[in-house]
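Below: the structure, in structure tokens.
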Amino acid sequence: MCGEKARKQLNLISLSDNTVERRINEMADDITQKLVKNIRESPFYALQLDESTDIANLSNLLAFVRYVHNGELQEDFLFCKPLPAQSTAQAIFDILNAFIVSNGIDWSKCVGLSTDGARAMVGHRNGVVARVKTAAPLMSSVHSSLHREALATKKMPTDLRCVLDEAVKIVNFIKTRPLQSRLFRLLCEEMGSDHVQLLLHTEGKSVTAFQVQNKIEATIKKLDSWAGRIRKSNSESFENLSHLLTVEAMSLPTLVKKLIEEHLQGLKSQMRDYFPSPDAQLCLFPLTALRLADVLSAADLCLNLVFPFSKCQPEPVGAC
């Protein structure tokens, strides 16, 4: 194809394993230097972290970065670093901090950090988020929306869950087979789709519940509102479902309506399990409380938790 002269020139190029490795490393270093330069020049940046285990059962820390370049937001893969045997918050932060400091990136420009709900990541006192907050005071943390969605679907009714499970099987079947991925890309391109790739489905500001009580109550009211709308066959709150019903020119089946309503009520019950109503009667000392005065409302309990020494401890049993 190249001709005899070109073939001889190619044969002169050294292709030992060491040479190939060195050139790969040089290309990787060049990409890293360009990315770090863009991050330094950006007025701010945000990070996303995830601790993942590969097929060799090795734990790795993945980091992604979002920054401003030429007036536009850019997203790039920052690094993948191996984690020690114990994937503690300190170990994760040490790896992240070492990369940031060694590359001369300013921590003060970090304005966002997205993680999953793992304790090592979002621990109130010693999690990665709390440690990053000390280095980047302007940073605000965000719980990954995909992780929240995964948590919300764990207790979904079987009749609704089976649809999601089938979709996951289809996605994994396509994504784990190169030929199927290529065929899927061609299909998407023929249909004029904006997206041609699938994601592989896999199963990582410190506040208290009382400080965000209004948001908690608002979420519970939303669940009630959505359930009420579904009860009235109003699916406008669910964009995909509403679009499907419009395209198919059909109404919401009674069975599906009932299942969706039950799922929403189940989510509401789970919320109440974690966050009791402020009007609920709680007992601070259930083993020693003998008087009605020892039973407090959740709102009073909030004050007692915030100011633990402002209220007297209950008297011992013999004092009554």
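Residue numbering restarts at 1 for every chain of the structure tokens, chains are lettered A, B, ... in their displayed order, and ligands are numbered from 1 as they appear.
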**Report entry** Selection: 10 Å around Ile220 in chain A, only C-alpha atoms, excl. self and same-chain fewer than 5 positions, as an MDAnalysis selection string
**Finding:** chainID A and resid 214:215 225:226 264:265 267:269 271:272
Close residues, Ala136 in chain A itself excluded, 7 Å, only C-alpha atoms, min 4 positions apart in chain, as a PDB file with C-alpha atoms, in the first residue's frame:
```
ATOM      1  CA  TRP A 107      -8.049  24.639  45.479  1.00  0.00           C
ATOM      2  CA  SER A 108      -9.825  27.966  46.051  1.00  0.00           C
ATOM      3  CA  CYS A 110     -13.057  24.534  43.250  1.00  0.00           C
ATOM      4  CA  VAL A 132     -12.309  19.045  50.512  1.00  0.00           C
TER       5      VAL A 132
END
```
Requested in this report: List every residue of range 103-251 of chain A that DSSP, applied to the backbone, labels as strand (DSSP E), and write the result as a list of chain:residue names.
Outcome: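 Written out, the strand (DSSP E) residues of range 103-251 of chain A are A:Cys110, A:Val111, A:Gly112, A:Leu113, A:Ser114, A:Thr115, A:Ser140, A:Ser141, A:Val142, A:His143.
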Report task. Using DSSP on the backbone coordinates, identify the residues of range 24-262 of chain A assigned to alpha helix (DSSP H); present them as a PyMOL selection string. Result -> chain A and resi 24-41+89-102+119-122+128-135+145-153+158-175+178-190+213-231+239-248+254-262
Query - Shortest interatomic distance to Lys257 in chain A - which of A:Asp224, A:Leu160, A:Ala98, A:Gln213, counting only C-alpha atoms - result: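 For Lys257 in chain A, the nearest of the candidates is A:Leu160.
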Requested in this report: Could you check which of A:Lys34, A:Arg119, A:Arg229, A:Arg131 is closest to Leu78 in chain A, using only C-alpha atoms?
Outcome: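 Checking each of A:Lys34, A:Arg119, A:Arg229, A:Arg131 against Leu78 in chain A, counting only C-alpha atoms, the winner is A:Lys34.
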Query raised in the report: Just how far from CA of Ile55 in chain A is CA of Asn126 in chain A, in Å to one decimal?
Result: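 That distance, rounded to one decimal, is 29.2 Å.
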Query raised in the report: Counting only C-alpha atoms, which of A:Asp116, A:Tyr67, A:Ile95, A:Ala85 gets nearest to Asp50 in chain A?
Result: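 Smallest distance to Asp50 in chain A is found for A:Asp116.
Counting only C-alpha atoms, Ala89 in chain A has the following residues at most 12 Å away, ignoring those fewer than 3 positions along the same chain: Leu49, Asp50, Glu51, Leu61, Leu83, Pro84, Gln86, Ile92, Phe93, Asp94, Ile95, Leu96, Asn97, Ala118, Arg119, Ala120, Met121, Val122, Gly123, His124, Arg125, Asn126, Gly127, Val128, Val129, Ala130, Arg131, Val132 and Gly204 of chain A.
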Saved selection, atoms kept: N, CA and C atoms, as a compact mmCIF listing (two decimals), in the first residue's frame:
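Output (part_23.txt):
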```
# COMPACT_ATOMS: atom_id res chain seq x y z
N LEU A 49 -16.20 12.58 41.72
CA LEU A 49 -15.39 11.45 42.17
C LEU A 49 -16.23 10.18 42.26
N ASP A 50 -15.57 9.06 41.97
CA ASP A 50 -16.24 7.77 42.12
C ASP A 50 -15.19 6.71 42.40
N GLU A 51 -15.45 5.91 43.39
CA GLU A 51 -14.57 4.77 43.71
C GLU A 51 -15.17 3.53 43.08
N LEU A 61 -9.78 5.07 41.98
CA LEU A 61 -10.46 6.34 42.16
C LEU A 61 -10.53 7.04 40.81
N LEU A 83 -6.34 2.74 44.49
CA LEU A 83 -6.54 2.99 45.92
C LEU A 83 -5.89 1.88 46.74
N PRO A 84 -5.48 2.17 47.96
CA PRO A 84 -4.90 1.13 48.83
C PRO A 84 -5.97 0.12 49.25
N GLN A 86 -7.57 -0.33 52.01
CA GLN A 86 -8.70 0.29 52.68
C GLN A 86 -9.05 1.60 51.98
N ILE A 92 -8.66 8.50 49.96
CA ILE A 92 -9.21 9.11 48.76
C ILE A 92 -8.81 10.58 48.67
N PHE A 93 -8.93 11.29 49.79
CA PHE A 93 -8.57 12.71 49.78
C PHE A 93 -7.09 12.91 49.53
N ASP A 94 -6.24 12.05 50.10
CA ASP A 94 -4.79 12.18 49.91
C ASP A 94 -4.43 12.07 48.43
N ILE A 95 -5.05 11.11 47.72
CA ILE A 95 -4.77 10.94 46.29
C ILE A 95 -5.23 12.16 45.51
N LEU A 96 -6.44 12.62 45.81
CA LEU A 96 -6.97 13.80 45.11
C LEU A 96 -6.13 15.04 45.41
N ASN A 97 -5.80 15.25 46.66
CA ASN A 97 -5.03 16.43 47.05
C ASN A 97 -3.63 16.40 46.45
N ALA A 118 -21.79 7.07 49.44
CA ALA A 118 -20.96 6.26 50.32
C ALA A 118 -20.51 7.07 51.53
N ARG A 119 -20.41 6.39 52.68
CA ARG A 119 -20.03 7.10 53.91
C ARG A 119 -18.65 7.73 53.79
N ALA A 120 -17.72 7.04 53.10
CA ALA A 120 -16.38 7.60 52.94
C ALA A 120 -16.41 8.90 52.15
N MET A 121 -17.41 9.05 51.30
CA MET A 121 -17.51 10.26 50.48
C MET A 121 -18.23 11.39 51.21
N VAL A 122 -19.39 11.09 51.79
CA VAL A 122 -20.25 12.16 52.32
C VAL A 122 -20.33 12.16 53.84
N GLY A 123 -19.38 11.50 54.52
CA GLY A 123 -19.38 11.50 55.98
C GLY A 123 -19.44 12.91 56.55
N HIS A 124 -20.26 13.08 57.60
CA HIS A 124 -20.52 14.42 58.15
C HIS A 124 -19.24 15.10 58.64
N ARG A 125 -18.36 14.35 59.29
CA ARG A 125 -17.17 14.95 59.90
C ARG A 125 -15.89 14.61 59.15
N ASN A 126 -15.74 13.35 58.73
CA ASN A 126 -14.46 12.91 58.18
C ASN A 126 -14.56 12.41 56.74
N GLY A 127 -15.68 12.66 56.06
CA GLY A 127 -15.82 12.22 54.68
C GLY A 127 -14.96 13.05 53.74
N VAL A 128 -14.87 12.60 52.49
CA VAL A 128 -14.09 13.32 51.49
C VAL A 128 -14.64 14.73 51.29
N VAL A 129 -15.97 14.85 51.27
CA VAL A 129 -16.58 16.16 51.07
C VAL A 129 -16.17 17.13 52.17
N ALA A 130 -16.19 16.66 53.43
CA ALA A 130 -15.80 17.52 54.54
C ALA A 130 -14.33 17.92 54.45
N ARG A 131 -13.48 17.01 54.01
CA ARG A 131 -12.04 17.31 53.89
C ARG A 131 -11.78 18.30 52.75
N VAL A 132 -12.48 18.11 51.63
CA VAL A 132 -12.31 19.04 50.51
C VAL A 132 -12.81 20.43 50.90
N GLY A 204 -20.30 6.08 45.32
CA GLY A 204 -19.52 5.74 45.65
C GLY A 204 -20.21 7.47 45.96
```
Query raised in the report: When you draw a straight line from CA of Ser141 in chain A to CA of Gly112 in chain A, how long is it in Å?
Result: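 The value is 5.7 Å.
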Requested in this report: Select, from A:Lys222, A:Lys175, A:Lys232, A:His263, the residue with the minimum atom-to-atom distance to Thr158 in chain A, counting only C-alpha atoms.
Outcome: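 The closest residue to Thr158 in chain A is A:His263.
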